[in-house]
Amino acid sequence: MALDGGPQLSQPVAGAASFDRMWAELTPVGRAAATGGYRRFAWTTVDSTLREWFTAEAGRRGLDVVRDRAGNQWAWWGNPASVPGGGVVIGSHLDSVPDGGAFDGPLGVVSSFAALDSLRAQGFAPSRPIAVVNFGDEEGARFGIACAGSRLITGALSADRARALRDADGTSLADAMSGAGFDPTQVGADDETLGRIGCFVELHVEQGRGLIDLGQPVAVSSQIWPHGRWRIELPGEANHAGTTRLVDRHDPMLACAELILAARQAAQRHGSVATMGKVSIQPNGVNAIASHVTAWLDARGADPDAVRAVVDELAGLATAADGSLELESWTDSTVFDAGLSDRVRAVLPDAPVLSTGAGHDAGILANAGVPTTMLFVRNPTGVSHSPVEHAETDDCHRGVDALAAVVAELAGPPATVR
Ligand code: GLV
Ligand code: MN
Ligand code: MN
């Protein structure tokens, strides 16, 4: 991908054309040829390419890029220190889950730059500073903690805990940051950055079927379900698969299988969802009984007590197997800011209002007191965290238009500010 090549924009281009150009540039970055899925993990060379792309796009528009204490990137149009109450922030993330889709995250970042282009093409002059943000490590695919970038700046994740996180190869987050040219000693809660955010609107591909069923291209989000991740450790004893009597075995795979089935059954009983999508087995040999299993539980639901009930049941099973179940991250129920959502809904009167079971940086900021809301763009497959995730180009353009209209309302001339 040519980051510095291509025409420099001396004139603003309309949102749709600029969206298409940026989307085409990003499409090859981090895509695995074998699956068509994306592997855009935090603090890797692919991540650096995406960050360079972000900086280059900001530069094309004359925006100043600053990195905060977690390495999140902010491209400012105007000086956020110049206005009490901070600016209007839009954006999302560029990282992915293993073999994720193209849209989860990048749609929000690309649409944000395109919305600014659309506004500039219309001669829009903001009365408040506006920023496009790229939150780092939203998916937590490499180090396990979802929304690590926003959790760090809000203090929901401590600097010491973050620096000590390790990926599957044993590399610490601190070393990964250093390797990518970011000083891990500066990591920490960042009140200065938070103080610059007057409000945050995150546009995102829808990760379910709500908009398909309603026949609408764009929705406004009302809330995010409470959700969390837990790590389960199950000890065992390595031994020969052929010579060890069944009665003599201490095989942690049995407890793991029991936990996987129990997660499904408990979620069904308590009206929530629970997933065990990641398991690490030691030593991982066909003809050896496992010596240790680490498995991860993701549990979510509209009712936090139902989620806790599921987790409590699984904790009991893990303990009975001489193992443990530990919380890795938790995000409370998020209800987006009513005043901000009302203003957004007034601008987009046809957009339905949807809640979601997916986690987002918008939820972390909202729970830290930042006025926040989200827009969703229809996903005709209804599938996400998979290469099948999709959004039609026309719907993406409608998302850009919707976001531009929202920014015009929130950062428009004082007369329109209510
Ligand atoms: C992030 O997309 C999550 O919901 O886990
Ligand atoms: Mn995601
Ligand atoms: Mn996302």
# chains A, B, ... in the order shown; residues from 1 in each chain; ligands from 1

$ select_by_dssp --residues "range 296-363 of chain A" --states "strand (DSSP E)" --output "PDB file with N, CA and C atoms, in the first residue's frame"
ATOM      1  N   TRP A 296     -10.883 -19.680  27.796  1.00  0.00           N
ATOM      2  CA  TRP A 296     -11.442 -18.354  28.058  1.00  0.00           C
ATOM      3  C   TRP A 296     -12.950 -18.387  27.880  1.00  0.00           C
ATOM      4  N   LEU A 297     -13.638 -17.730  28.813  1.00  0.00           N
ATOM      5  CA  LEU A 297     -15.099 -17.608  28.770  1.00  0.00           C
ATOM      6  C   LEU A 297     -15.454 -16.159  28.466  1.00  0.00           C
ATOM      7  N   ASP A 298     -16.355 -15.968  27.518  1.00  0.00           N
ATOM      8  CA  ASP A 298     -16.929 -14.654  27.223  1.00  0.00           C
ATOM      9  C   ASP A 298     -18.410 -14.779  27.552  1.00  0.00           C
ATOM     10  N   ALA A 299     -18.901 -13.959  28.496  1.00  0.00           N
ATOM     11  CA  ALA A 299     -20.313 -14.054  28.892  1.00  0.00           C
ATOM     12  C   ALA A 299     -20.950 -12.668  28.869  1.00  0.00           C
ATOM     13  N   ARG A 300     -22.171 -12.621  28.357  1.00  0.00           N
ATOM     14  CA  ARG A 300     -22.860 -11.333  28.178  1.00  0.00           C
ATOM     15  C   ARG A 300     -24.359 -11.535  28.348  1.00  0.00           C
ATOM     16  N   SER A 324      -9.215 -22.944  38.375  1.00  0.00           N
ATOM     17  CA  SER A 324      -9.646 -21.610  38.810  1.00  0.00           C
ATOM     18  C   SER A 324     -10.288 -20.875  37.645  1.00  0.00           C
ATOM     19  N   LEU A 325     -11.072 -19.874  37.990  1.00  0.00           N
ATOM     20  CA  LEU A 325     -11.695 -19.006  36.983  1.00  0.00           C
ATOM     21  C   LEU A 325     -11.496 -17.569  37.456  1.00  0.00           C
ATOM     22  N   GLU A 326     -10.788 -16.766  36.669  1.00  0.00           N
ATOM     23  CA  GLU A 326     -10.443 -15.394  37.077  1.00  0.00           C
ATOM     24  C   GLU A 326     -10.969 -14.392  36.060  1.00  0.00           C
ATOM     25  N   LEU A 327     -11.484 -13.277  36.585  1.00  0.00           N
ATOM     26  CA  LEU A 327     -11.964 -12.200  35.716  1.00  0.00           C
ATOM     27  C   LEU A 327     -10.802 -11.556  34.967  1.00  0.00           C
ATOM     28  N   GLU A 328     -10.933 -11.382  33.656  1.00  0.00           N
ATOM     29  CA  GLU A 328      -9.927 -10.613  32.894  1.00  0.00           C
ATOM     30  C   GLU A 328     -10.423  -9.213  32.606  1.00  0.00           C
ATOM     31  N   SER A 329     -11.683  -9.076  32.196  1.00  0.00           N
ATOM     32  CA  SER A 329     -12.220  -7.726  31.995  1.00  0.00           C
ATOM     33  C   SER A 329     -13.732  -7.760  32.106  1.00  0.00           C
ATOM     34  N   TRP A 330     -14.291  -6.638  32.556  1.00  0.00           N
ATOM     35  CA  TRP A 330     -15.736  -6.533  32.739  1.00  0.00           C
ATOM     36  C   TRP A 330     -16.176  -5.142  32.326  1.00  0.00           C
ATOM     37  N   THR A 331     -17.257  -5.053  31.594  1.00  0.00           N
ATOM     38  CA  THR A 331     -17.836  -3.753  31.239  1.00  0.00           C
ATOM     39  C   THR A 331     -19.289  -3.760  31.670  1.00  0.00           C
ATOM     40  N   THR A 334     -24.117  -0.403  29.646  1.00  0.00           N
ATOM     41  CA  THR A 334     -23.878   0.962  29.176  1.00  0.00           C
ATOM     42  C   THR A 334     -25.144   1.521  28.570  1.00  0.00           C
ATOM     43  N   VAL A 335     -25.629   2.606  29.129  1.00  0.00           N
ATOM     44  CA  VAL A 335     -26.755   3.316  28.513  1.00  0.00           C
ATOM     45  C   VAL A 335     -26.187   4.621  27.987  1.00  0.00           C
ATOM     46  N   VAL A 353     -33.687   2.610  16.774  1.00  0.00           N
ATOM     47  CA  VAL A 353     -32.806   2.593  17.949  1.00  0.00           C
ATOM     48  C   VAL A 353     -32.575   1.136  18.343  1.00  0.00           C
ATOM     49  N   LEU A 354     -31.308   0.747  18.430  1.00  0.00           N
ATOM     50  CA  LEU A 354     -30.970  -0.654  18.715  1.00  0.00           C
ATOM     51  C   LEU A 354     -30.025  -0.748  19.904  1.00  0.00           C
ATOM     52  N   SER A 355     -30.169  -1.812  20.671  1.00  0.00           N
ATOM     53  CA  SER A 355     -29.152  -2.126  21.684  1.00  0.00           C
ATOM     54  C   SER A 355     -28.277  -3.236  21.113  1.00  0.00           C
ATOM     55  N   THR A 356     -27.145  -3.493  21.748  1.00  0.00           N
ATOM     56  CA  THR A 356     -26.226  -4.494  21.204  1.00  0.00           C
ATOM     57  C   THR A 356     -25.532  -5.294  22.301  1.00  0.00           C
TER      58      THR A 356
END

$ residues_around --residues "Gly399 in chain A" --least-positions-apart "5" --cutoff "12 Å" --atoms "only C-alpha atoms" --output "number ranges by chain"
A: 15-16, 19, 107-112, 114-115, 118, 202-206, 216-220, 348, 351, 374-379, 391-394, 404-406

$ closest_atom_pairs --of "chain A" --to "ligand 3" --cutoff "7 Å" --atoms "only C-alpha atoms and all ligand atoms" --output "JSON lines"
{"residue": "A:His93", "atom": "CA", "partner": "ligand 3", "partner_atom_place_in_ligand_line": "1 (Mn)", "distance": 6.6}
{"residue": "A:Asp104", "atom": "CA", "partner": "ligand 3", "partner_atom_place_in_ligand_line": "1 (Mn)", "distance": 4.5}
{"residue": "A:Gly105", "atom": "CA", "partner": "ligand 3", "partner_atom_place_in_ligand_line": "1 (Mn)", "distance": 4.4}
{"residue": "A:Glu138", "atom": "CA", "partner": "ligand 3", "partner_atom_place_in_ligand_line": "1 (Mn)", "distance": 6.8}
{"residue": "A:Glu139", "atom": "CA", "partner": "ligand 3", "partner_atom_place_in_ligand_line": "1 (Mn)", "distance": 7.0}
{"residue": "A:His204", "atom": "CA", "partner": "ligand 3", "partner_atom_place_in_ligand_line": "1 (Mn)", "distance": 6.6}
{"residue": "A:His360", "atom": "CA", "partner": "ligand 3", "partner_atom_place_in_ligand_line": "1 (Mn)", "distance": 5.8}

$ closest_residue --among "A:Leu246, A:Val286, A:Cys147, A:Leu50" --to "ligand 2" --atoms "only C-alpha atoms and all ligand atoms"
A:Cys147

$ atom_distance --atom1 "CA of Ile90 in chain A" --atom2 "CA of Gly412 in chain A"
14.5 Å

$ residues_around --residues "range 163-171 of chain A" --least-positions-apart "5" --cutoff "8 Å" --atoms "only C-alpha atoms" --output "PDB file with N, CA and C atoms, in the first residue's frame"
ATOM      1  N   ARG A 142      -4.669  -9.961  20.984  1.00  0.00           N
ATOM      2  CA  ARG A 142      -3.303 -10.412  21.264  1.00  0.00           C
ATOM      3  C   ARG A 142      -3.024 -10.517  22.766  1.00  0.00           C
ATOM      4  N   PHE A 143      -3.501  -9.549  23.544  1.00  0.00           N
ATOM      5  CA  PHE A 143      -3.146  -9.523  24.973  1.00  0.00           C
ATOM      6  C   PHE A 143      -4.329  -9.819  25.893  1.00  0.00           C
ATOM      7  N   GLY A 144      -5.486 -10.099  25.321  1.00  0.00           N
ATOM      8  CA  GLY A 144      -6.599 -10.636  26.111  1.00  0.00           C
ATOM      9  C   GLY A 144      -7.582  -9.635  26.658  1.00  0.00           C
ATOM     10  N   ALA A 176       6.101  -5.295  23.477  1.00  0.00           N
ATOM     11  CA  ALA A 176       5.469  -5.105  22.155  1.00  0.00           C
ATOM     12  C   ALA A 176       5.357  -3.616  21.837  1.00  0.00           C
ATOM     13  N   PRO A 184       6.583   2.372  26.817  1.00  0.00           N
ATOM     14  CA  PRO A 184       5.576   1.833  27.737  1.00  0.00           C
ATOM     15  C   PRO A 184       5.590   2.487  29.116  1.00  0.00           C
TER      16      PRO A 184
END

$ select_by_dssp --residues "range 2-197 of chain A" --states "alpha helix (DSSP H)" --output "ChimeraX atom specification"
/A:15-26,45-60,106-121,148-154,159-164,173-179,191-195

$ atom_distance --atom1 "CA of Asp160 in chain A" --atom2 "CA of Thr275 in chain A"
28.3 Å

$ closest_residue --among "A:Ala262, A:Phe336, A:Val247, A:Pro252" --to "Asn284 in chain A" --atoms "only C-alpha atoms"
A:Pro252

$ residues_around --residues "Leu259 in chain A" --least-positions-apart "6" --cutoff "12 Å" --atoms "only C-alpha atoms" --output "ChimeraX atom specification"
/A:232-234,252-253,265-267,274-276,279,293-297,310-321,323-325

$ closest_residue --among "A:Ser96, A:Thr244, A:Thr154, A:Ser222" --to "ligand 2" --atoms "only C-alpha atoms and all ligand atoms"
A:Ser96

$ closest_residue --among "A:Ala257, A:Ala309, A:Met22, A:Ala146" --to "ligand 2" --atoms "only C-alpha atoms and all ligand atoms"
A:Ala146

$ closest_residue --among "A:Arg245, A:Ser341, A:Asp322, A:His227" --to "ligand 1" --atoms "only C-alpha atoms and all ligand atoms"
A:His227

$ residues_around --residues "Pro98 in chain A" --least-positions-apart "6" --cutoff "10 Å" --atoms "only C-alpha atoms" --output "list in words"
Ala32, Gly37, Tyr38, Arg39, Arg40, Phe41, Glu139, Ala141, Arg142, His385, Ser386 and Pro387 of chain A

$ write_last_selection --atoms "C-alpha atoms" --output "PDB file, in the first residue's frame"
ATOM      1  CA  ALA A  32      -4.785 -13.553   5.421  1.00  0.00           C
ATOM      2  CA  GLY A  37     -10.012 -12.870   7.207  1.00  0.00           C
ATOM      3  CA  TYR A  38      -8.093 -10.048   8.870  1.00  0.00           C
ATOM      4  CA  ARG A  39      -5.276 -10.442  11.409  1.00  0.00           C
ATOM      5  CA  ARG A  40      -4.689  -6.923  12.556  1.00  0.00           C
ATOM      6  CA  PHE A  41      -3.267  -7.345  16.050  1.00  0.00           C
ATOM      7  CA  GLU A 139     -10.463  -6.426  20.306  1.00  0.00           C
ATOM      8  CA  ALA A 141      -6.981 -10.344  20.324  1.00  0.00           C
ATOM      9  CA  ARG A 142      -3.303 -10.412  21.264  1.00  0.00           C
ATOM     10  CA  HIS A 385     -16.011 -11.424  13.870  1.00  0.00           C
ATOM     11  CA  SER A 386     -15.785 -13.472  10.669  1.00  0.00           C
ATOM     12  CA  PRO A 387     -14.639 -12.790   7.090  1.00  0.00           C
TER      13      PRO A 387
END

$ closest_residue --among "A:Gly86, A:Gly78, A:Gly357, A:Gly149" --to "ligand 2" --atoms "only C-alpha atoms and all ligand atoms"
A:Gly357
